[in-house]
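Below is one structure, written out as structure tokens; comments come after it.
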Amino acid sequence: MPGVVADFIAGDPFIVFDEAALALVDEELHRLARSPLPSAQARLLAPRACVLGDTATKSLFTLGHDGGAMLERPARPDVVTPGDACAWMAEILGFVLGVERQKRVFEEAPPIVTAEPMPGNDALGCRVWAAARSLPRNHVAAAQHVLRRLLPPAD
């Protein structure tokens with residue numbers, strides 16, 4: 001099976017959980033008398049999650065269950081298949097990529113120079129405005145942009 005996977009990957013980038021997982025793949029390929037996959041092609045999931053502030057990067061299970069993805073435990077942990085593990089990792093990867101994308105958007109938002117008046121006088125507008133003010137500075141511009149689109153202008 002590892003040989004088939006290596007042939008499928010060929011020269012494309014691939015994702016593994018961490019350096020230890022990459023070493024296991026290389027050991028198995030070595031056992032099959034195959035060349036290891038170039039580490040430059042490897043994309044490591046755990047360090048990417050760690051950069052985003054996720055601290056549950058001890059294992060694939062902890063990252064999925066205790067980390068930001070908050071996945072449910074498998075119904076039958078005693079019969080987790082390789083397919084289950086791949087689906088679990090795909091869910092985590094989707095979460096990490098989504099957070100990375102959001103982070104880029106917020107980091108590229110222009111800084112706020114002046115405070116805007118509170119939009120609307122209704123209770124929803126007040127709650128949303130209060131929530132926006134509690135966000136970290138780099139999130140406030142994005143929140144205000146959303147408010148301008150969703151709430152009517154103040155009279």
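If you're wondering about the labels, chains in the structure tokens are A, B, ... by order shown, residues count from 1 in each chain, ligands from 1 in order shown.
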Pick out each residue of segment 5-66 of chain A that DSSP on the backbone tags as helix (DSSP H, G or I); I need them as a ChimeraX atom specification. /A:5-9,19-31,39-41,45-51,60-65
Any idea what's packed within 10 Å of segment 98-102 of chain A, counting only C-alpha atoms, ignoring anything in its chain fewer than 4 positions away? Could you give it as a PyMOL selection string? chain A and resi 48-49+51-52+68+92-94+106-108+139
Could you give me, as a tab-separated table, a per-residue list for segment 42-106 of chain A showing, wherever an atom lies at most 8 Å from an atom of segment 6-22 of chain A, the closest pair of atoms and their distance in Å to one decimal, using only C-alpha atoms and sorting by chain then residue number from low to high?
```
residue	atom	partner	partner_atom	distance
A:Ala42	CA	A:Phe14	CA	5.2
A:Arg43	CA	A:Ile15	CA	4.6
A:Leu44	CA	A:Asp18	CA	5.1
A:Leu45	CA	A:Phe17	CA	4.8
A:Ala46	CA	A:Phe17	CA	5.6
A:Pro47	CA	A:Asp18	CA	7.2
A:Ser59	CA	A:Phe17	CA	7.9
A:Leu60	CA	A:Phe17	CA	6.7
```
Emit the selected residues as a short mmCIF file (atom, residue, chain, number, x, y, z; two decimals), in the first residue's frame, including C-alpha atoms.
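So the final result, stored in again_33.cif, reads:
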```cif
data_model
loop_
_atom_site.label_atom_id
_atom_site.label_comp_id
_atom_site.auth_asym_id
_atom_site.auth_seq_id
_atom_site.Cartn_x
_atom_site.Cartn_y
_atom_site.Cartn_z
CA ALA A 42 5.57 17.32 2.63
CA ARG A 43 3.10 19.67 4.29
CA LEU A 44 2.89 19.15 8.05
CA LEU A 45 -0.53 19.63 9.62
CA ALA A 46 0.34 19.84 13.35
CA PRO A 47 2.80 22.77 13.05
CA SER A 59 -1.64 13.48 18.11
CA LEU A 60 -4.08 13.38 15.22
#
```
Between A:Leu97, A:Leu37, A:Ala75, A:Ala56, which one has atoms that come closest to Ala23 of chain A, using only C-alpha atoms? A:Leu37
If you count only C-alpha atoms, the residue of A:Gly64, A:Glu72, A:Asp54, A:Glu28 closest to Ala90 of chain A turns out to be A:Gly64
Please measure the separation of atom CA of Thr55 of chain A and atom CA of Pro77 of chain A, giving the value in Å to one decimal.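 Separation between atom CA of Thr55 of chain A and atom CA of Pro77 of chain A: 22.8 Å.
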